[in-house]
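Data from model-v8.csv: CSV, C-alpha atoms
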chain,number,residue,atom,x,y,z
A,1,MET,CA,0.0,0.0,0.0
A,2,GLN,CA,1.2,3.5,-0.9
A,3,LEU,CA,2.7,5.4,2.1
A,4,ASP,CA,3.8,8.8,0.6
A,5,PHE,CA,1.3,11.4,-0.7
A,6,ALA,CA,1.3,15.1,-1.6
A,7,ILE,CA,-1.4,17.7,-1.4
A,8,SER,CA,-1.4,21.4,-2.4
A,9,PRO,CA,-2.1,24.4,-0.2
A,10,ALA,CA,-5.5,24.7,-1.7
A,11,GLU,CA,-6.3,21.1,-0.9
A,12,LEU,CA,-5.2,21.6,2.7
A,13,ARG,CA,-7.5,24.6,3.0
A,14,ALA,CA,-10.4,22.5,1.7
A,15,LEU,CA,-9.6,19.9,4.4
A,16,ARG,CA,-9.5,22.5,7.1
A,17,HIS,CA,-12.3,24.9,6.1
A,18,GLY,CA,-13.8,24.0,2.7
A,19,ALA,CA,-15.4,21.1,1.0
A,20,ALA,CA,-14.1,18.1,-0.9
A,21,LEU,CA,-15.4,14.6,-1.8
A,22,VAL,CA,-13.3,11.5,-2.3
A,23,PRO,CA,-14.9,8.5,-4.0
A,24,GLY,CA,-13.4,5.1,-3.3
A,25,GLN,CA,-13.8,1.4,-3.5
A,26,VAL,CA,-14.3,-0.3,-0.1
A,27,ALA,CA,-15.1,-3.7,1.3
A,28,VAL,CA,-18.7,-3.8,2.4
A,29,PHE,CA,-20.4,-6.5,4.5
A,30,ARG,CA,-24.0,-6.5,5.7
A,31,VAL,CA,-24.8,-8.5,8.9
A,32,GLU,CA,-28.4,-8.9,9.7
A,33,GLY,CA,-30.7,-11.0,11.8
A,34,PRO,CA,-32.2,-11.4,15.3
A,35,GLY,CA,-28.7,-12.1,16.8
A,36,ALA,CA,-26.7,-9.7,14.7
A,37,LEU,CA,-26.1,-7.2,17.6
A,38,ALA,CA,-25.1,-9.8,20.1
A,39,CYS,CA,-22.9,-11.6,17.7
A,40,LEU,CA,-21.1,-8.4,16.6
A,41,GLN,CA,-20.8,-7.3,20.2
A,42,GLY,CA,-18.8,-10.5,20.8
A,43,LEU,CA,-16.4,-9.7,17.9
A,44,LEU,CA,-15.9,-5.9,17.8
A,45,THR,CA,-13.8,-3.8,20.2
A,46,CYS,CA,-16.4,-0.9,20.2
A,47,ASP,CA,-19.8,-0.9,21.9
A,48,LEU,CA,-22.5,-1.0,19.3
A,49,ALA,CA,-25.3,-1.1,21.9
A,50,ALA,CA,-24.0,2.2,23.4
A,51,ALA,CA,-24.0,3.8,20.0
A,52,GLY,CA,-27.6,2.8,19.6
A,53,ASP,CA,-29.9,2.3,16.6
A,54,ASN,CA,-28.9,4.5,13.6
A,55,GLY,CA,-25.5,5.0,15.2
A,56,LEU,CA,-22.1,5.0,13.6
A,57,SER,CA,-19.2,3.2,15.3
A,58,TYR,CA,-15.5,2.5,14.7
A,59,GLY,CA,-13.7,-0.5,16.0
A,60,ALA,CA,-11.7,-3.6,15.2
A,61,LEU,CA,-12.1,-7.3,14.8
A,62,LEU,CA,-9.2,-9.0,16.6
A,63,THR,CA,-7.3,-12.3,16.7
A,64,PRO,CA,-7.7,-14.3,19.9
A,65,LYS,CA,-4.3,-12.7,20.9
A,66,GLY,CA,-5.7,-9.2,20.5
A,67,MET,CA,-4.1,-8.2,17.2
A,68,ILE,CA,-6.1,-6.1,14.7
A,69,VAL,CA,-7.5,-8.1,11.7
A,70,VAL,CA,-9.6,-5.3,10.2
A,71,ASP,CA,-11.0,-2.0,11.4
A,72,PRO,CA,-14.6,-1.4,10.2
A,73,TRP,CA,-16.9,1.5,10.4
A,74,VAL,CA,-20.2,0.1,11.4
A,75,LEU,CA,-23.5,1.7,10.4
A,76,HIS,CA,-26.4,0.4,12.6
A,77,GLU,CA,-30.0,0.1,11.4
A,78,GLY,CA,-32.2,-2.0,13.6
A,79,GLU,CA,-31.3,-5.6,13.2
A,80,ARG,CA,-29.0,-4.7,10.2
A,81,PHE,CA,-25.4,-3.6,10.4
A,82,THR,CA,-23.3,-2.5,7.5
A,83,LEU,CA,-19.5,-2.8,7.9
A,84,VAL,CA,-17.3,-0.5,5.7
A,85,ILE,CA,-13.7,-1.6,5.6
A,86,ASP,CA,-10.6,-0.6,3.6
A,87,VAL,CA,-10.5,-2.7,0.5
A,88,ALA,CA,-7.2,-4.2,1.8
A,89,GLY,CA,-9.2,-5.9,4.5
A,90,ARG,CA,-11.8,-7.5,2.2
A,91,GLU,CA,-10.5,-11.1,2.3
A,92,PRO,CA,-9.6,-11.4,6.0
A,93,ALA,CA,-13.0,-9.8,6.9
A,94,ALA,CA,-14.8,-12.3,4.7
A,95,GLN,CA,-13.0,-15.2,6.1
A,96,LEU,CA,-13.6,-14.2,9.7
A,97,LEU,CA,-17.2,-13.2,9.4
A,98,HIS,CA,-18.3,-16.3,7.5
A,99,ARG,CA,-16.3,-18.6,9.8
A,100,VAL,CA,-17.6,-17.1,13.1
A,101,LEU,CA,-21.1,-15.8,12.6
A,102,PRO,CA,-24.0,-18.4,12.8
A,103,PRO,CA,-26.3,-17.7,9.7
A,104,ARG,CA,-29.5,-18.3,11.6
A,105,LEU,CA,-28.7,-15.5,14.0
A,106,ALA,CA,-26.5,-13.2,11.9
A,107,ARG,CA,-26.5,-13.6,8.2
A,108,VAL,CA,-23.6,-12.2,6.2
A,109,THR,CA,-24.0,-10.7,2.7
A,110,GLU,CA,-21.0,-9.2,0.9
A,111,LEU,CA,-21.7,-6.1,-1.2
A,112,SER,CA,-18.1,-5.1,-2.0
A,113,ASP,CA,-18.4,-5.6,-5.8
A,114,ALA,CA,-21.6,-3.6,-6.2
A,115,TRP,CA,-21.1,-0.8,-3.6
A,116,ARG,CA,-18.8,2.2,-3.3
A,117,ALA,CA,-18.1,4.9,-0.8
A,118,LEU,CA,-18.0,8.7,-0.9
A,119,TRP,CA,-16.0,10.4,1.8
A,120,LEU,CA,-17.0,14.0,2.6
A,121,LEU,CA,-14.1,16.1,3.8
A,122,GLY,CA,-14.1,19.7,5.1
A,123,ALA,CA,-16.4,21.7,7.3
A,124,CYS,CA,-18.5,22.9,4.4
A,125,ALA,CA,-19.0,19.5,2.8
A,126,PRO,CA,-22.3,18.5,4.6
A,127,GLU,CA,-24.0,21.7,3.6
A,128,ARG,CA,-22.9,21.5,0.0
A,129,PHE,CA,-23.9,17.8,-0.2
A,130,ALA,CA,-27.4,18.7,1.1
A,131,ARG,CA,-27.6,21.5,-1.5
A,132,ALA,CA,-26.6,19.0,-4.2
A,133,ASN,CA,-29.3,16.4,-3.6
A,134,GLY,CA,-31.7,17.7,-1.1
A,135,THR,CA,-30.7,15.3,1.6
A,136,THR,CA,-29.4,16.7,4.9
A,137,LEU,CA,-26.6,14.5,6.4
A,138,PRO,CA,-27.4,13.3,10.0
A,139,GLY,CA,-25.7,14.7,13.0
A,140,ALA,CA,-22.3,13.4,14.2
A,141,GLY,CA,-22.2,9.7,14.6
A,142,ARG,CA,-25.7,9.1,13.2
A,143,VAL,CA,-26.9,7.2,10.2
A,144,ILE,CA,-29.9,7.6,7.7
A,145,GLY,CA,-31.0,5.8,4.6
A,146,LEU,CA,-30.2,7.5,1.3
A,147,GLY,CA,-31.0,7.2,-2.4
A,148,PRO,CA,-34.0,6.5,-4.6
A,149,THR,CA,-34.1,2.9,-3.6
A,150,GLY,CA,-33.3,3.5,0.1
A,151,ALA,CA,-30.4,1.0,-0.2
A,152,GLY,CA,-27.7,3.6,0.4
A,153,LEU,CA,-26.6,5.0,3.7
A,154,ALA,CA,-25.3,8.3,4.9
A,155,ALA,CA,-23.5,9.0,8.2
A,156,GLY,CA,-22.3,12.1,9.9
A,157,GLY,CA,-18.6,11.8,11.0
A,158,SER,CA,-18.2,11.1,14.7
A,159,ALA,CA,-16.2,13.3,16.9
A,160,GLY,CA,-12.5,13.4,15.8
A,161,ALA,CA,-13.2,11.3,12.7
A,162,PRO,CA,-11.1,12.1,9.5
A,163,PHE,CA,-14.3,12.9,7.5
A,164,HIS,CA,-17.4,15.0,8.0
A,165,GLY,CA,-19.7,12.5,6.2
A,166,LEU,CA,-19.7,9.0,4.8
A,167,VAL,CA,-22.0,7.8,2.0
A,168,VAL,CA,-22.1,4.2,0.9
A,169,GLY,CA,-24.4,2.5,-1.5
A,170,PRO,CA,-24.8,0.9,-5.0
A,171,ALA,CA,-22.2,2.2,-7.4
A,172,GLU,CA,-24.6,3.6,-10.0
A,173,GLU,CA,-26.5,5.6,-7.3
A,174,LEU,CA,-23.3,7.0,-5.9
A,175,LYS,CA,-22.1,7.9,-9.4
A,176,GLU,CA,-25.2,10.1,-9.8
A,177,LEU,CA,-24.7,11.6,-6.4
A,178,LEU,CA,-21.1,12.4,-7.2
A,179,GLY,CA,-22.1,14.3,-10.3
A,180,GLN,CA,-24.7,16.3,-8.4
A,181,ALA,CA,-22.2,17.1,-5.7
A,182,GLU,CA,-19.5,18.3,-8.1
A,183,GLN,CA,-22.1,20.6,-9.7
A,184,ALA,CA,-22.9,22.0,-6.2
A,185,GLY,CA,-19.2,23.0,-5.6
A,186,LEU,CA,-17.8,19.9,-3.9
A,187,LYS,CA,-14.3,19.4,-5.2
A,188,ARG,CA,-13.5,15.8,-6.2
A,189,GLY,CA,-10.4,14.7,-4.5
A,190,GLU,CA,-8.1,11.7,-4.8
A,191,GLU,CA,-6.8,9.1,-2.4
A,192,SER,CA,-4.0,11.6,-1.3
A,193,LEU,CA,-6.7,13.9,0.2
A,194,LEU,CA,-8.3,11.2,2.3
A,195,ALA,CA,-4.8,10.0,3.4
A,196,ALA,CA,-4.0,13.6,4.5
A,197,ALA,CA,-7.3,13.8,6.4
A,198,ARG,CA,-6.4,10.7,8.3
A,199,VAL,CA,-2.9,12.0,9.1
A,200,LEU,CA,-4.3,15.3,10.4
A,201,ALA,CA,-6.8,13.5,12.5
A,202,GLY,CA,-4.2,11.0,13.8
A,203,TRP,CA,-6.3,8.1,12.5
A,204,PRO,CA,-4.6,4.8,11.6
A,205,THR,CA,-5.0,3.1,8.2
A,206,LEU,CA,-5.2,-0.6,7.6
A,207,GLY,CA,-2.0,-1.7,5.8
A,208,ARG,CA,-0.1,1.4,6.8
A,209,GLU,CA,-0.2,2.1,10.6
A,210,ILE,CA,-2.1,-1.2,11.2
A,211,ASP,CA,-0.4,-4.5,10.4
A,212,GLU,CA,-0.9,-8.1,11.5
A,213,ARG,CA,1.0,-7.4,14.8
A,214,THR,CA,-0.8,-4.3,15.9
A,215,LEU,CA,-2.7,-4.0,19.2
A,216,PRO,CA,-5.5,-1.5,19.5
A,217,GLN,CA,-3.8,0.7,22.1
A,218,GLU,CA,-0.7,1.0,19.8
A,219,VAL,CA,-2.8,3.0,17.3
A,220,ARG,CA,-4.8,5.4,19.6
A,221,TYR,CA,-7.9,3.3,20.0
A,222,ASP,CA,-8.5,4.7,23.5
A,223,GLU,CA,-8.4,8.3,22.1
A,224,LEU,CA,-10.6,7.4,19.1
A,225,GLY,CA,-13.3,5.8,21.3
A,226,ALA,CA,-12.8,2.6,19.4
A,227,VAL,CA,-12.5,0.2,22.3
A,228,SER,CA,-14.8,-0.5,25.2
A,229,TYR,CA,-13.7,-1.8,28.6
A,230,VAL,CA,-17.2,-2.2,30.1
A,231,LYS,CA,-19.4,-3.9,27.4
A,232,GLY,CA,-18.5,-7.5,28.0
A,233,CYS,CA,-16.5,-10.2,26.3
A,234,TYR,CA,-15.3,-10.1,22.7
A,235,THR,CA,-12.5,-12.0,20.8
A,236,GLY,CA,-9.1,-10.7,21.9
A,237,GLN,CA,-10.5,-8.8,24.9
A,238,GLU,CA,-8.3,-10.5,27.4
A,239,THR,CA,-5.1,-9.1,25.9
A,240,VAL,CA,-6.7,-5.6,25.4
A,241,ALA,CA,-7.9,-5.5,29.0
A,242,ARG,CA,-4.6,-6.7,30.4
A,243,VAL,CA,-2.8,-4.0,28.6
A,244,HIS,CA,-5.3,-1.3,29.8
A,245,PHE,CA,-5.5,-2.4,33.4
A,246,ARG,CA,-2.1,-3.9,34.2
A,247,GLY,CA,0.5,-2.8,31.8
A,248,HIS,CA,1.2,-0.7,28.7
A,249,VAL,CA,2.2,-1.1,25.0
A,250,ASN,CA,5.8,-0.6,24.0
A,251,ARG,CA,5.0,1.4,20.9
A,252,VAL,CA,2.5,4.1,20.1
A,253,LEU,CA,1.2,6.1,17.2
A,254,ARG,CA,2.6,9.7,17.1
A,255,GLY,CA,2.6,12.6,14.7
A,256,VAL,CA,5.9,13.8,13.3
A,257,ARG,CA,7.0,16.8,11.2
A,258,ILE,CA,9.9,16.0,8.9
A,259,ALA,CA,12.2,18.6,7.4
A,260,GLY,CA,12.2,18.7,3.6
A,261,GLY,CA,9.3,18.1,1.2
A,262,ALA,CA,10.7,15.2,-0.8
A,263,ALA,CA,9.5,11.6,-0.5
A,264,LEU,CA,11.3,9.5,2.1
A,265,PRO,CA,13.9,7.0,0.7
A,266,GLU,CA,13.8,5.2,4.1
A,267,ARG,CA,11.4,5.0,7.0
A,268,THR,CA,13.4,4.1,10.1
A,269,LEU,CA,13.2,6.7,12.8
A,270,LYS,CA,16.4,7.1,14.9
A,271,SER,CA,17.5,8.7,18.1
A,272,GLY,CA,21.2,8.8,17.9
A,273,ASP,CA,22.2,5.4,16.7
A,274,LYS,CA,19.1,3.7,18.1
A,275,ASP,CA,16.1,2.7,16.0
A,276,VAL,CA,13.1,4.1,17.8
A,277,GLY,CA,10.3,3.8,15.3
A,278,THR,CA,9.0,3.6,11.7
A,279,VAL,CA,7.4,6.4,9.7
A,280,ARG,CA,4.2,5.2,8.0
A,281,THR,CA,1.8,7.5,6.1
A,282,ALA,CA,3.6,10.7,5.0
A,283,ILE,CA,2.0,13.8,3.4
A,284,ALA,CA,4.2,16.3,1.5
A,285,LEU,CA,3.2,19.9,2.4
A,286,ASP,CA,5.5,22.5,0.7
A,287,ASP,CA,8.9,22.3,2.5
A,288,HIS,CA,8.1,19.6,5.0
A,289,LEU,CA,6.3,16.3,5.6
A,290,LEU,CA,3.5,15.6,8.1
A,291,ALA,CA,3.4,11.9,9.0
A,292,LEU,CA,2.2,9.3,11.3
A,293,ALA,CA,4.9,7.1,12.9
A,294,VAL,CA,4.8,4.1,15.2
A,295,VAL,CA,7.4,4.8,17.8
A,296,ARG,CA,8.8,3.8,21.2
A,297,ARG,CA,6.4,5.0,23.9
A,298,GLU,CA,9.1,6.7,25.9
A,299,LEU,CA,9.9,9.3,23.2
A,300,GLU,CA,9.2,12.8,24.3
A,301,ALA,CA,8.7,16.1,22.5
A,302,GLY,CA,12.0,17.9,21.9
A,303,MET,CA,14.1,14.8,21.6
A,304,PRO,CA,16.6,15.0,18.7
A,305,LEU,CA,15.3,12.6,16.1
A,306,ARG,CA,16.0,11.9,12.4
A,307,VAL,CA,15.0,9.7,9.5
A,308,GLY,CA,18.0,9.4,7.1
A,309,ASP,CA,19.7,12.8,7.3
A,310,ARG,CA,16.4,14.7,7.9
A,311,LYS,CA,15.4,16.2,11.2
A,312,VAL,CA,12.2,15.0,12.8
A,313,GLU,CA,10.0,16.7,15.4
A,314,LEU,CA,7.2,14.9,17.4
A,315,ILE,CA,3.9,16.8,17.2
A,316,PRO,CA,0.6,16.3,19.1
A,317,LEU,CA,-2.3,14.4,17.5
A,318,PRO,CA,-4.7,15.4,16.0
A,319,VAL,CA,-2.6,18.0,14.2
A,320,ALA,CA,-3.6,21.6,15.1
A,321,PRO,CA,-4.4,24.0,12.3
A,322,ASP,CA,-1.5,26.2,11.2

Starting from the coordinates I provided, produce the structure as structure tokens.
Amino acid sequence: MQLDFAISPAELRALRHGAALVPGQVAVFRVEGPGALACLQGLLTCDLAAAGDNGLSYGALLTPKGMIVVDPWVLHEGERFTLVIDVAGREPAAQLLHRVLPPRLARVTELSDAWRALWLLGACAPERFARANGTTLPGAGRVIGLGPTGAGLAAGGSAGAPFHGLVVGPAEELKELLGQAEQAGLKRGEESLLAAARVLAGWPTLGREIDERTLPQEVRYDELGAVSYVKGCYTGQETVARVHFRGHVNRVLRGVRIAGGAALPERTLKSGDKDVGTVRTAIALDDHLLALAVVRRELEAGMPLRVGDRKVELIPLPVAPD
């Protein structure tokens, strides 16, 4: 998966204050049935019951040892749940869901080939989206049906999320919505814009910050509200709870500012001669890079760090506006 991206000053302004829309292919799974809520509660790190009906949640499906397999956004409608996952997680999600969920209680339908996503970025995006098609996006963390057939879904981005709105649905319906949105002034962006939004929000991406050895607390799941310590048992909970109540992780996700705007030829972060982390997603902004890095937890702001011959500064997440 690509790690280095570049955006222009105008694109950065759109992320901060304007409106942009990024279409994308995603893996989509629908889980429905009388036992769907209970079954998913036993798999996901987040608390779907607390989010409630018509709620949007973010969490992870874990291995029994507590490592992240995939990190879905979950859109809840009654006894039906729609899981939206980075396309890189399609196969592992399919294998896990079909293996674990009992069909009589929680039937799984994959929609990945037929459905697409639209990510609305920037503070003005919801208003312009509503102007384009007459549909007002729901409030933060809420979900509504969308489209002429009612098959599509729209969600308002939850607090701290890297997007202001998420629309998923049949590809043909979203193609029409995309055209209407562009006519209403929503700038169409590429993958680089969504990657930048995730870096600014301090939000991990499957295949970049999240790999097969990643624990939830290593990638800010506590700060993102993506893990519950009170809802009851789920796969991998023992490891997650033990880290939370009795110990700590050895590496954490941090923001870094790297001198120079050129792409990185190497990714190892060093303090003196010691390897202390790895730079993951990096966004080129004029004369420097903003990036997410997985680093030793003991690193502190102001420590002299470098990647190759370039100076590195630790910065707080989410990244404050300039």

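With distances restricted to all atoms listed in the file, A:Gly169 is the closest residue to Ala27 (chain A) from A:Pro162, A:Pro204, A:Gly66, A:Gly169.
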
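Counting only C-alpha atoms and comparing A:Arg310, A:Arg107, A:Arg116, A:Arg280, the residue that lies closest to Gly152 (chain A) is A:Arg116.
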
Which one of A:Gly185, A:Pro170, A:Gly247, A:Pro216 sits closest to Ala114 (chain A) if you count all atoms listed in the file?
A:Pro170

Residues within 6 Å of (-28.9, 6.0, 15.0), counting only C-alpha atoms, listed as an MDAnalysis selection string:
chainID A and resid 52:55 142:143

Residues near Gly302 (chain A), cut-off 12 Å, only C-alpha atoms, skip fewer than 4 positions along chain, as a compact mmCIF listing (two decimals) with C-alpha atoms, in the frame of the given file:
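File written: selection36.txt
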# COMPACT_ATOMS: atom_id res chain seq x y z
CA VAL A 256 5.90 13.80 13.30
CA ARG A 257 7.00 16.80 11.20
CA SER A 271 17.50 8.70 18.10
CA ARG A 306 16.00 11.90 12.40
CA LYS A 311 15.40 16.20 11.20
CA VAL A 312 12.20 15.00 12.80
CA GLU A 313 10.00 16.70 15.40
CA LEU A 314 7.20 14.90 17.40
CA ILE A 315 3.90 16.80 17.20
CA PRO A 316 0.60 16.30 19.10

One decimal, Å: what's the distance from CA of Glu32 (chain A) over to CA of Glu79 (chain A), could you say?
5.6 Å

With distances taken over all atoms listed in the file, which of A:Lys270, A:Arg251, A:Lys187, A:Arg296 is nearest to Phe129 (chain A)?
A:Lys187

The distance between CA of Glu218 (chain A) and CA of Val252 (chain A) is 4.5 Å

My list of candidates is A:Gly272, A:Gly139, A:Gly24, A:Gly18. Which is closest to Leu178 (chain A) when distances are computed with all atoms listed in the file?
A:Gly24

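The space between CA of Cys46 (chain A) and CA of Gly232 (chain A) spans 10.4 Å.
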
Which is closest to Ala38 (chain A) among A:Glu298, A:Val168, A:Ala93, A:Pro102, if we use all atoms listed in the file?
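Of the candidates, the smallest distance to Ala38 (chain A) is held by A:Pro102.
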
Set the distance at 12 Å and use all atoms listed in the file: which residues neighbour Leu153 (chain A) once local chain neighbours fewer than 2 positions away are removed? I'd like the list as a count of residues only.
41

3 Å per side around region 217-223 of chain A: axis-aligned box centre and edge lengths, as AutoDock Vina command-line options:
--center_x -4.6 --center_y 4.5 --center_z 20.4 --size_x 13.8 --size_y 13.6 --size_z 12.2

With a distance cut-off of 12 Å and only C-alpha atoms, select the neighbouring residues of Leu186 (chain A), excluding the residue or stretch itself and same-chain residues fewer than 3 positions from it, and output the selection as a ChimeraX atom specification.
/A:11,14-15,18-23,118-132,177-183,189

Selected residues written out, C-alpha atoms, as a PDB file, in the frame of the given file:
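This went into selection21.pdb:
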ATOM      1  CA  GLU A  11      -6.300  21.100  -0.900  1.00  0.00           C
ATOM      2  CA  ALA A  14     -10.400  22.500   1.700  1.00  0.00           C
ATOM      3  CA  LEU A  15      -9.600  19.900   4.400  1.00  0.00           C
ATOM      4  CA  GLY A  18     -13.800  24.000   2.700  1.00  0.00           C
ATOM      5  CA  ALA A  19     -15.400  21.100   1.000  1.00  0.00           C
ATOM      6  CA  ALA A  20     -14.100  18.100  -0.900  1.00  0.00           C
ATOM      7  CA  LEU A  21     -15.400  14.600  -1.800  1.00  0.00           C
ATOM      8  CA  VAL A  22     -13.300  11.500  -2.300  1.00  0.00           C
ATOM      9  CA  PRO A  23     -14.900   8.500  -4.000  1.00  0.00           C
ATOM     10  CA  LEU A 118     -18.000   8.700  -0.900  1.00  0.00           C
ATOM     11  CA  TRP A 119     -16.000  10.400   1.800  1.00  0.00           C
ATOM     12  CA  LEU A 120     -17.000  14.000   2.600  1.00  0.00           C
ATOM     13  CA  LEU A 121     -14.100  16.100   3.800  1.00  0.00           C
ATOM     14  CA  GLY A 122     -14.100  19.700   5.100  1.00  0.00           C
ATOM     15  CA  ALA A 123     -16.400  21.700   7.300  1.00  0.00           C
ATOM     16  CA  CYS A 124     -18.500  22.900   4.400  1.00  0.00           C
ATOM     17  CA  ALA A 125     -19.000  19.500   2.800  1.00  0.00           C
ATOM     18  CA  PRO A 126     -22.300  18.500   4.600  1.00  0.00           C
ATOM     19  CA  GLU A 127     -24.000  21.700   3.600  1.00  0.00           C
ATOM     20  CA  ARG A 128     -22.900  21.500   0.000  1.00  0.00           C
ATOM     21  CA  PHE A 129     -23.900  17.800  -0.200  1.00  0.00           C
ATOM     22  CA  ALA A 130     -27.400  18.700   1.100  1.00  0.00           C
ATOM     23  CA  ARG A 131     -27.600  21.500  -1.500  1.00  0.00           C
ATOM     24  CA  ALA A 132     -26.600  19.000  -4.200  1.00  0.00           C
ATOM     25  CA  LEU A 177     -24.700  11.600  -6.400  1.00  0.00           C
ATOM     26  CA  LEU A 178     -21.100  12.400  -7.200  1.00  0.00           C
ATOM     27  CA  GLY A 179     -22.100  14.300 -10.300  1.00  0.00           C
ATOM     28  CA  GLN A 180     -24.700  16.300  -8.400  1.00  0.00           C
ATOM     29  CA  ALA A 181     -22.200  17.100  -5.700  1.00  0.00           C
ATOM     30  CA  GLU A 182     -19.500  18.300  -8.100  1.00  0.00           C
ATOM     31  CA  GLN A 183     -22.100  20.600  -9.700  1.00  0.00           C
ATOM     32  CA  GLY A 189     -10.400  14.700  -4.500  1.00  0.00           C
TER      33      GLY A 189
END
